[in-house]
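Containing mmCIF, C-alpha atoms: final_11.cif.
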data_run
loop_
_atom_site.label_atom_id
_atom_site.label_comp_id
_atom_site.auth_asym_id
_atom_site.auth_seq_id
_atom_site.Cartn_x
_atom_site.Cartn_y
_atom_site.Cartn_z
CA MET A 26 0.00 0.00 0.00
CA THR A 27 1.45 3.38 -0.99
CA THR A 28 1.93 6.18 1.50
CA SER A 29 -0.78 8.17 -0.30
CA ARG A 30 -3.35 5.37 -0.01
CA LEU A 31 -2.43 4.79 3.63
CA SER A 32 -2.93 8.49 4.34
CA ASN A 33 -6.34 8.40 2.67
CA TRP A 34 -7.45 5.41 4.74
CA LEU A 35 -6.15 7.01 7.91
CA LEU A 36 -8.04 10.19 7.05
CA ILE A 37 -11.27 8.24 6.49
CA ALA A 38 -10.75 6.28 9.70
CA GLY A 39 -10.15 9.52 11.60
CA ILE A 40 -13.30 11.08 10.21
CA MET A 41 -15.38 8.04 11.10
CA THR A 42 -13.85 7.85 14.58
CA GLY A 43 -14.58 11.51 15.17
CA PHE A 44 -18.13 11.16 13.90
CA CYS A 45 -18.82 8.16 16.13
CA ALA A 46 -17.27 9.93 19.12
CA ALA A 47 -19.45 12.99 18.49
CA ALA A 48 -22.59 10.84 18.26
CA TRP A 49 -21.62 9.05 21.47
CA GLN A 50 -21.03 12.35 23.27
CA GLY A 51 -24.34 13.67 21.90
CA ASN A 52 -26.22 10.68 23.28
CA LEU A 53 -24.59 11.26 26.65
CA ALA A 54 -25.46 14.96 26.50
CA SER A 55 -29.11 14.15 25.81
CA THR A 56 -29.41 12.63 29.31
CA TYR A 57 -27.93 15.59 31.19
CA SER A 58 -30.35 17.45 33.46
CA LYS A 59 -28.90 20.94 32.84
CA PRO A 60 -29.48 23.81 33.34
CA ASP A 61 -28.23 23.63 36.94
CA GLY A 62 -30.36 25.40 39.53
CA PHE A 63 -33.10 25.58 36.93
CA ILE A 64 -36.03 27.94 37.51
CA ARG A 65 -37.25 28.62 33.96
CA PHE A 66 -36.03 29.03 30.39
CA HIS A 67 -35.38 32.74 30.71
CA GLN A 68 -34.90 34.83 27.60
CA ARG A 69 -31.14 34.26 27.38
CA ILE A 70 -31.53 30.47 27.23
CA SER A 71 -34.48 30.40 24.87
CA PRO A 72 -35.17 30.57 21.12
CA ASP A 73 -35.23 34.37 21.46
CA ALA A 74 -31.45 34.16 21.85
CA ILE A 75 -30.98 31.38 19.24
CA PHE A 76 -30.79 28.76 21.99
CA TYR A 77 -33.15 25.92 21.09
CA PRO A 78 -33.00 23.40 23.94
CA PRO A 79 -33.58 19.90 22.57
CA TYR A 80 -36.66 17.96 23.58
CA ALA A 81 -34.45 15.52 25.49
CA MET A 82 -33.23 18.38 27.70
CA LEU A 83 -36.80 19.20 28.72
CA GLU A 84 -37.54 15.58 29.56
CA SER A 85 -34.28 15.18 31.49
CA LEU A 86 -35.04 18.36 33.45
CA ALA A 87 -38.46 17.09 34.43
CA LEU A 88 -37.10 13.72 35.53
CA ALA A 89 -34.25 15.36 37.47
CA HIS A 90 -36.81 17.31 39.50
CA TRP A 91 -39.10 14.35 40.16
CA GLN A 92 -38.79 12.27 43.32
CA ARG A 93 -40.45 8.95 43.99
CA GLY A 94 -43.71 9.28 45.87
CA LYS A 95 -44.34 12.84 44.64
CA THR A 96 -46.49 14.29 41.87
CA LEU A 97 -44.64 16.10 39.11
CA VAL A 98 -46.32 19.36 38.08
CA ILE A 99 -45.14 20.43 34.61
CA ILE A 100 -45.79 24.04 33.64
CA GLY A 101 -46.29 24.78 29.94
CA GLY A 102 -47.81 27.49 27.85
CA ASN A 103 -46.56 30.96 26.96
CA SER A 104 -44.71 33.91 28.47
CA ILE A 105 -47.35 34.44 31.16
CA MET A 106 -46.63 30.97 32.54
CA ASN A 107 -42.89 31.42 31.99
CA GLY A 108 -43.09 34.35 34.40
CA VAL A 109 -42.19 37.29 32.17
CA GLY A 110 -42.51 40.32 34.41
CA GLN A 111 -41.31 38.49 37.52
CA PRO A 112 -37.65 38.51 38.65
CA LYS A 113 -36.05 35.09 39.04
CA ASP A 114 -36.58 34.91 42.81
CA ASP A 115 -40.24 35.85 42.45
CA VAL A 116 -41.33 33.63 39.55
CA TRP A 117 -44.87 32.44 40.14
CA SER A 118 -43.92 28.76 39.79
CA LEU A 119 -41.68 29.12 42.88
CA ARG A 120 -44.68 30.43 44.79
CA LEU A 121 -46.72 27.51 43.43
CA GLN A 122 -44.16 25.08 44.84
CA GLU A 123 -44.50 26.75 48.24
CA GLN A 124 -48.29 26.59 48.06
CA LEU A 125 -48.36 22.91 47.07
CA GLY A 126 -45.82 21.67 49.59
CA ASP A 127 -43.61 18.59 49.61
CA ARG A 128 -46.06 16.20 47.96
CA TYR A 129 -45.52 17.96 44.63
CA VAL A 130 -42.51 18.93 42.51
CA VAL A 131 -42.97 21.86 40.12
CA VAL A 132 -40.89 22.37 36.96
CA ASN A 133 -41.52 25.35 34.69
CA LEU A 134 -41.04 24.40 31.01
CA ALA A 135 -43.06 27.27 29.52
CA PHE A 136 -41.66 29.28 26.61
CA ARG A 137 -42.50 32.70 25.26
CA GLY A 138 -45.06 32.38 22.49
CA ALA A 139 -45.72 28.67 23.05
CA TYR A 140 -49.17 27.11 22.80
CA PRO A 141 -50.53 24.75 25.48
CA THR A 142 -50.11 21.80 23.10
CA GLN A 143 -46.39 22.39 22.51
CA GLY A 144 -43.13 21.64 24.30
CA ALA A 145 -44.02 20.93 27.90
CA ALA A 146 -47.26 19.18 26.90
CA LEU A 147 -45.23 16.60 24.98
CA VAL A 148 -43.00 15.99 28.00
CA ALA A 149 -46.08 15.45 30.19
CA GLU A 150 -47.51 13.08 27.58
CA SER A 151 -44.29 11.08 27.40
CA LEU A 152 -43.94 10.74 31.16
CA LEU A 153 -47.58 9.74 31.60
CA LEU A 154 -47.04 7.03 28.99
CA ARG A 155 -44.20 5.71 31.12
CA GLY A 156 -46.25 5.69 34.31
CA TYR A 157 -45.00 8.81 36.08
CA PRO A 158 -47.50 10.76 38.23
CA VAL A 159 -47.87 14.00 36.27
CA ILE A 160 -50.16 17.02 36.27
CA TYR A 161 -49.83 19.43 33.38
CA VAL A 162 -50.65 23.13 33.82
CA ALA A 163 -50.71 25.50 30.86
CA ASN A 164 -52.54 28.55 29.59
CA THR A 165 -54.00 30.02 26.47
CA ASN A 166 -54.38 33.68 25.65
CA PRO A 167 -56.73 34.51 23.86
CA PRO A 168 -59.17 32.01 25.36
CA ALA A 169 -59.98 29.92 22.27
CA ALA A 170 -56.41 29.27 21.05
CA THR A 171 -55.12 25.72 21.47
CA GLY A 172 -52.52 25.82 18.70
CA ARG A 173 -50.92 22.68 17.30
CA ALA A 174 -47.84 20.78 18.38
CA PRO A 175 -45.62 21.72 15.39
CA GLY A 176 -45.16 25.24 14.04
CA GLY A 177 -43.66 28.42 15.43
CA ALA A 178 -40.55 28.77 17.56
CA SER A 179 -41.50 25.83 19.82
CA GLY A 180 -42.76 23.51 17.09
CA TYR A 181 -39.49 21.64 16.68
CA PHE A 182 -40.12 19.88 20.01
CA TYR A 183 -42.93 17.91 18.39
CA TRP A 184 -40.78 16.51 15.58
CA GLN A 185 -38.02 15.55 18.01
CA ALA A 186 -40.44 13.86 20.41
CA LEU A 187 -42.14 12.07 17.50
CA TYR A 188 -38.96 10.61 16.04
CA GLN A 189 -37.68 9.66 19.50
CA HIS A 190 -40.89 7.61 19.97
CA ARG A 191 -42.01 9.56 23.02
CA LEU A 192 -45.63 10.22 22.02
CA ALA A 193 -48.88 8.30 22.36
CA ALA A 194 -50.73 7.04 19.31
CA PHE A 195 -53.18 9.81 18.41
CA PRO A 196 -54.61 9.52 14.88
CA ALA A 197 -56.63 12.74 15.17
CA ARG A 198 -53.46 14.73 15.81
CA ASP A 199 -51.65 12.96 12.97
CA GLU A 200 -54.43 13.79 10.52
CA SER A 201 -54.70 17.40 11.68
CA ILE A 202 -50.96 17.94 11.25
CA ARG A 203 -51.02 16.26 7.82
CA ARG A 204 -53.77 18.63 6.65
CA TRP A 205 -51.89 21.60 8.08
CA LEU A 206 -48.69 20.63 6.29
CA ASP A 207 -50.56 20.23 3.02
CA SER A 208 -51.99 23.74 3.40
CA LEU A 209 -48.66 25.48 3.97
CA PRO A 210 -47.02 27.69 1.33
CA ALA A 211 -43.95 26.15 -0.26
CA THR A 212 -41.45 28.14 1.82
CA GLU A 213 -43.10 27.22 5.12
CA ARG A 214 -43.43 23.60 4.05
CA ARG A 215 -39.69 23.50 3.31
CA GLN A 216 -39.03 24.89 6.79
CA GLN A 217 -41.08 22.10 8.35
CA ASP A 218 -39.31 19.54 6.15
CA GLU A 219 -35.98 20.83 7.46
CA GLU A 220 -37.16 20.62 11.06
CA ARG A 221 -38.36 17.07 10.46
CA LEU A 222 -35.04 16.06 8.90
CA GLY A 223 -33.14 17.63 11.79
CA ALA A 224 -35.35 15.76 14.26
CA ARG A 225 -34.79 12.44 12.45
CA LEU A 226 -31.03 12.97 12.63
CA GLU A 227 -31.25 14.08 16.28
CA ALA A 228 -32.96 10.79 17.15
CA TRP A 229 -29.93 8.90 15.85
CA PHE A 230 -26.91 11.15 16.31
CA ARG A 231 -27.99 13.73 18.95
CA GLN A 232 -26.20 16.53 17.14
CA GLN A 233 -28.50 19.16 18.64
CA SER A 234 -27.97 17.77 22.12
CA LEU A 235 -24.20 17.91 21.67
CA TRP A 236 -24.18 21.42 20.18
CA HIS A 237 -26.39 22.81 22.94
CA HIS A 238 -24.32 21.07 25.59
CA VAL A 239 -21.19 22.74 24.24
CA GLY A 240 -23.01 26.06 24.02
CA TYR A 241 -24.31 25.73 27.55
CA ARG A 242 -21.13 24.52 29.25
CA HIS A 243 -18.26 25.79 27.14
CA PHE A 244 -18.86 28.41 24.42
CA PHE A 245 -21.60 29.54 22.06
CA THR A 246 -21.04 30.06 18.35
CA VAL A 247 -23.99 32.06 16.98
CA TRP A 248 -24.32 35.83 17.38
CA ASN A 249 -27.69 37.26 18.35
CA PHE A 250 -28.85 40.77 19.16
CA ILE A 251 -30.13 39.91 22.65
CA LEU A 252 -26.72 38.82 23.92
CA ALA A 253 -24.70 40.97 21.47
CA ARG A 254 -21.08 41.02 22.68
CA ASP A 255 -21.71 38.23 25.17
CA PHE A 256 -23.06 35.79 22.58
CA TRP A 257 -20.03 33.48 22.95
CA VAL A 258 -20.32 33.14 26.74
CA PRO A 259 -21.20 29.66 28.06
CA HIS A 260 -24.91 29.93 28.64
CA ASP A 261 -24.78 28.49 32.15
CA ARG A 262 -23.12 31.78 33.12
CA LEU A 263 -25.89 33.97 31.71
CA PRO A 264 -28.03 35.46 34.46
CA ASP A 265 -31.80 35.62 34.44
CA THR A 266 -32.20 39.38 34.17
CA GLU A 267 -35.99 39.73 34.09
CA PRO A 268 -36.52 43.19 35.67
CA HIS A 269 -38.80 44.27 38.48
CA ALA A 270 -42.09 45.87 37.52
CA GLN A 271 -42.18 49.59 36.82
CA PRO A 272 -44.09 51.86 39.19
CA LEU A 273 -47.80 51.41 38.66
CA ALA A 274 -48.20 54.90 37.21
CA ASP A 275 -45.77 54.06 34.39
CA ARG A 276 -46.92 50.56 33.42
CA PHE A 277 -49.76 51.22 30.99
CA LYS A 278 -48.75 54.47 29.31
CA ASN A 279 -47.75 53.23 25.87
CA PHE A 280 -49.75 51.91 22.92
CA LEU A 281 -53.17 52.32 24.53
CA PRO A 282 -55.14 52.23 21.22
CA GLU A 283 -53.28 49.11 20.07
CA GLU A 284 -53.70 47.34 23.41
CA MET A 285 -57.39 48.22 23.55
CA ALA A 286 -57.83 46.78 20.06
CA ILE A 287 -56.23 43.52 21.23
CA THR A 288 -58.40 43.47 24.36
CA ARG A 289 -61.57 43.92 22.31
CA GLY A 290 -60.34 41.40 19.76
CA PHE A 291 -60.37 38.60 22.32
CA SER A 292 -64.16 38.55 22.12
CA GLU A 293 -65.55 40.77 19.37
CA THR A 294 -65.37 38.12 16.63
CA MET A 295 -66.23 35.26 19.00
CA ALA A 296 -69.71 36.09 20.29
CA VAL A 297 -73.12 37.07 18.99
CA PRO A 298 -75.97 38.81 20.85
CA GLY A 299 -78.31 36.51 22.75
CA PRO A 300 -81.72 37.01 24.35
CA GLY A 301 -82.21 39.77 26.89
CA GLY A 302 -78.99 41.60 26.11
CA SER A 303 -76.81 38.55 26.79
CA TRP A 304 -73.97 37.19 24.64
CA GLN A 305 -73.43 33.71 23.24
CA LEU A 306 -70.37 32.11 21.72
CA GLU A 307 -70.93 32.03 17.97
CA GLU A 308 -71.66 28.44 16.89
CA GLY A 309 -68.83 28.21 14.37
CA ASN A 310 -66.34 29.33 17.02
CA ARG A 311 -67.82 26.87 19.49
CA GLN A 312 -67.41 24.00 17.06
CA ARG A 313 -63.94 25.10 16.04
CA LEU A 314 -62.60 25.19 19.60
CA GLY A 315 -64.09 21.76 20.33
CA ALA A 316 -62.59 20.34 17.14
CA ASP A 317 -59.18 21.86 17.94
CA ILE A 318 -59.18 20.28 21.39
CA GLU A 319 -60.14 16.89 19.95
CA ALA A 320 -57.35 17.12 17.36
CA SER A 321 -54.57 18.52 19.53
CA VAL A 322 -54.91 17.38 23.15
CA VAL A 323 -54.13 13.69 23.50
CA PRO A 324 -56.86 11.85 25.49
CA LEU A 325 -54.22 10.40 27.84
CA LEU A 326 -53.31 13.91 28.99
CA ARG A 327 -56.76 15.46 29.41
CA PRO A 328 -57.63 14.10 32.89
CA HIS A 329 -54.21 15.29 34.12
CA THR A 330 -54.41 18.81 32.68
CA LEU A 331 -55.38 22.22 34.03
CA ILE A 332 -55.80 24.96 31.41
CA LEU A 333 -55.88 28.61 32.46
CA LEU A 334 -57.61 31.27 30.40
CA ASN A 335 -55.72 34.47 31.28
CA LYS A 336 -57.71 37.69 31.45
CA ASN A 337 -56.28 41.00 30.29
CA ALA A 338 -55.36 43.63 32.87
CA PRO A 339 -58.25 45.54 34.50
CA TYR A 340 -56.66 48.78 33.28
CA TYR A 341 -57.85 47.80 29.78
CA LEU A 342 -60.98 45.84 30.68
CA ASP A 343 -62.31 48.80 32.67
CA ARG A 344 -62.14 50.92 29.51
CA LEU A 345 -64.51 48.64 27.62
CA SER A 346 -68.16 49.60 27.30
CA PRO A 347 -70.60 47.66 29.51
CA ALA A 348 -71.69 45.60 26.49
CA GLU A 349 -68.09 44.84 25.52
CA ARG A 350 -67.26 43.87 29.08
CA ALA A 351 -70.25 41.54 29.25
CA ARG A 352 -69.21 40.01 25.93
CA ASP A 353 -65.67 39.43 27.22
CA VAL A 354 -66.95 37.71 30.38
CA SER A 355 -69.33 35.54 28.35
CA VAL A 356 -66.66 34.40 25.90
CA TYR A 357 -64.22 33.40 28.65
CA ALA A 358 -66.91 31.48 30.52
CA ALA A 359 -68.08 29.69 27.36
CA CYS A 360 -64.53 28.71 26.31
CA ALA A 361 -63.75 27.41 29.80
CA GLN A 362 -66.87 25.25 29.67
CA ILE A 363 -65.86 23.81 26.28
CA PHE A 364 -62.51 22.69 27.70
CA ARG A 365 -64.36 21.08 30.62
CA ASP A 366 -66.82 19.39 28.25
CA HIS A 367 -63.81 17.72 26.62
CA GLY A 368 -62.49 16.37 29.90
CA ILE A 369 -59.98 19.12 30.73
CA ALA A 370 -60.07 21.13 33.96
CA CYS A 371 -60.16 24.81 33.06
CA GLU A 372 -60.23 28.04 35.05
CA VAL A 373 -60.43 31.71 34.13
CA ALA A 374 -57.43 33.43 35.73
CA GLY A 375 -57.72 37.11 36.54
CA ASP A 376 -61.34 37.77 37.46
CA ASP A 377 -60.27 38.99 40.92
CA PHE A 378 -56.92 40.49 39.89
CA GLU A 379 -56.13 44.22 40.06
CA SER A 380 -54.11 46.40 37.72
CA ALA A 381 -51.19 46.25 40.19
CA ASP A 382 -51.07 42.50 39.52
CA TYR A 383 -49.94 43.17 35.92
CA ILE A 384 -46.87 44.73 34.35
CA ASP A 385 -48.64 45.24 31.02
CA ARG A 386 -51.82 44.07 29.31
CA ALA A 387 -51.10 40.35 29.78
CA HIS A 388 -48.06 39.64 31.96
CA LEU A 389 -48.25 39.39 35.72
CA SER A 390 -46.20 41.20 38.32
CA ALA A 391 -44.79 39.32 41.30
CA GLU A 392 -48.00 40.16 43.18
CA GLY A 393 -50.12 38.77 40.35
CA GLY A 394 -47.92 35.69 40.21
CA ARG A 395 -48.69 34.98 43.84
CA LYS A 396 -52.42 35.17 43.15
CA LEU A 397 -51.98 32.86 40.15
CA ALA A 398 -50.05 30.38 42.31
CA GLN A 399 -52.83 30.38 44.91
CA LEU A 400 -55.47 29.71 42.24
CA VAL A 401 -53.49 26.90 40.62
CA ALA A 402 -52.54 25.27 43.93
CA ARG A 403 -56.17 25.23 45.01
CA LYS A 404 -57.26 23.54 41.78
CA LEU A 405 -54.39 21.04 41.71
CA LYS A 406 -55.18 19.82 45.20
CA GLU A 407 -58.59 18.79 43.83
CA PHE A 408 -56.96 16.41 41.31
CA PRO A 409 -56.97 12.73 42.32
CA GLN A 410 -53.71 11.64 43.91
CA PRO A 411 -51.88 8.81 42.10
#
Can you turn what I pasted into structure tokens?
Amino acid sequence: MTTSRLSNWLLIAGIMTGFCAAAWQGNLASTYSKPDGFIRFHQRISPDAIFYPPYAMLESLALAHWQRGKTLVIIGGNSIMNGVGQPKDDVWSLRLQEQLGDRYVVVNLAFRGAYPTQGAALVAESLLLRGYPVIYVANTNPPAATGRAPGGASGYFYWQALYQHRLAAFPARDESIRRWLDSLPATERRQQDEERLGARLEAWFRQQSLWHHVGYRHFFTVWNFILARDFWVPHDRLPDTEPHAQPLADRFKNFLPEEMAITRGFSETMAVPGPGGSWQLEEGNRQRLGADIEASVVPLLRPHTLILLNKNAPYYLDRLSPAERARDVSVYAACAQIFRDHGIACEVAGDDFESADYIDRAHLSAEGGRKLAQLVARKLKEFPQP
């Protein structure tokens, strides 16, 4: 064998050895329970900052928190549940842990912009399949939005969980997603195809798990405007810098017309006038919400789920006309009942909140977080114990 051929074979052997070593390290990384001292996926360790924690990280986090003989409470949903507006020591899920006591273990896996059927819901589904005692708590805002498991910044979790065989058989969800994919424009369909391919490869080689482990423990490689000059810093060193709420007089000054339009929009296309000046959920909207629940919330998860319908801040609700306010109340009550009719515990959150409990139209201050924790703890204690 010539020196040239020997060099070529050595090069190939080196590449294959390196590839196998990387896949091995990736599979090890997928079992790590980082982040250490976890409270939530704050903005600096989230998709906002180009940090896309793999599905396996979420599942490992949940299992690292769980202890035998205790019920695992998994928090999902959007930025309200994540605790935007609450500094790290005052996140509402910490108060929930205090309210629930030692029989429960709370882990907050909510992400900004996530739907109740994404991310954390898939972790709860997977762990229930494997026999763990789980209660899933999430929210939706506006009240009739369930979303679907794929799509958006948190949609990649679905493809990873699917190809890692973590999900229950659910033909209605499969068919709904197939129809959705078929309806997408070509560019969006290509994006989903790329996410699916990446998830297939992640199931085998754990390249995302390895890359995020390196980025979390050692150095990050992608610039983003949120971190700017600190983009390279190992992400376990990045502090949770969610600020304290502004003084009450300064919280609701900006964008009043836009925020009022959003507040009205939660109900104005949802309801129609009923007898005696009442409001009723329009039948098409009623059917659509029921169909969305049937196609997106796996039956296994429904008896173990609490959905919260978050109200907007009183500062905005109080500026509605009496008819608009009545319509808003009617729509929330009707949507909550539809969730219950489909076997899901559901509560309207915010009926007794004050403007001081909010930092803006939707997000809660530390004071509001405490009230939310009290409401959720009270409802969770009504769930059957495993």
Problem set entry | Selection result of the PyMOL selection byres ((chain A and resi 247-256) around 7) on this file, as a ChimeraX atom specification | /A:74-75,245-246,257-258
For this session: Output the residue selection produced by the PyMOL selection byres ((chain A and resi 310) around 10) on the file above, formatted as JSON, numbers by chain.
Result: {"A": [169, 294, 295, 296, 306, 307, 308, 309, 311, 312, 313, 314, 315, 316, 360]}
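For the structure shown here, the set of residues caught by the PyMOL selection byres ((chain A and resi 136) around 8) is A:Phe66, A:Ser71, A:Gly101, A:Gly102, A:Asn103, A:Ser104, A:Met106, A:Asn107, A:Leu134, A:Ala135, A:Arg137, A:Gly138, A:Ala139, A:Ser179.
Of the residues listed (A:Val131, A:Ala81, A:Leu153, A:Leu222), A:Ala81 shows the shortest atom-to-atom separation from Phe182 in chain A; distances use all atoms listed in the file.
Candidate residues A:Ile160, A:Ala361, A:Ala146, A:Ala211 were compared for distance to Gln410 in chain A, and the nearest is A:Ile160, using only C-alpha atoms.
The shell of residues at most 8 Å from Gly110 in chain A, with all atoms listed in the file counted and near chain neighbours (fewer than 6 positions) removed, consists of A:Glu267, A:Pro268, A:His269, A:Ala270, A:Ile384, A:His388, A:Leu389, A:Ser390, A:Ala391.
Taking CA of Leu273 in chain A and CA of Ala387 in chain A as endpoints, the distance between them is 14.6 Å.
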Could you produce a table of the residues of range 317-336 of chain A lying within 10 Å of range 397-401 of chain A, with the nearest pair of atoms per residue and their separation in Å rounded to one decimal, using only C-alpha atoms, ordered by chain and increasing residue number, as CSV?
residue,atom,partner,partner_atom,distance
A:Leu331,CA,A:Val401,CA,8.3
A:Ile332,CA,A:Val401,CA,9.7
A:Leu333,CA,A:Val401,CA,8.7
A:Asn335,CA,A:Leu397,CA,9.8
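CA of Leu209 in chain A is positioned 16.1 Å from CA of Tyr181 in chain A.
Between Arg395 in chain A and the candidates A:Val109, A:Ala193, A:Leu154, A:Val116, the tightest atom-to-atom separation, counting all atoms listed in the file, involves A:Val116.
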Problem set entry | Nearest residue to His260 in chain A from the set A:Ile70, A:Ile100, A:Ala87, A:Val162 (distances using all atoms listed in the file) | A:Ile70
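Distance annotation: of A:Lys113, A:Arg225, A:His243, A:Arg30, the residue with the minimal separation from Arg65 in chain A is A:Lys113; atom set is all atoms listed in the file.
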For this session: In Å, rounded to a single decimal, give me how far CA of Arg155 in chain A is from CA of Leu88 in chain A.
Result: 11.6 Å
For this session: Would you mind listing what lies within 12 Å of Pro78 in chain A as a ChimeraX atom specification, with only C-alpha atoms counted and same-chain residues fewer than 4 positions away left out?
Result: /A:54-55,57-60,66-67,69-74,82-86,134,136,144-145,178-182,185,231-241,260
Exercise. Could you name the residues that touch Gly172 in chain A at 9 Å or less, counting all atoms listed in the file, but leaving out those on the same chain fewer than 4 positions away, as a PyMOL selection string?
Worked result: chain A and resi 139-143+165+176+317+321
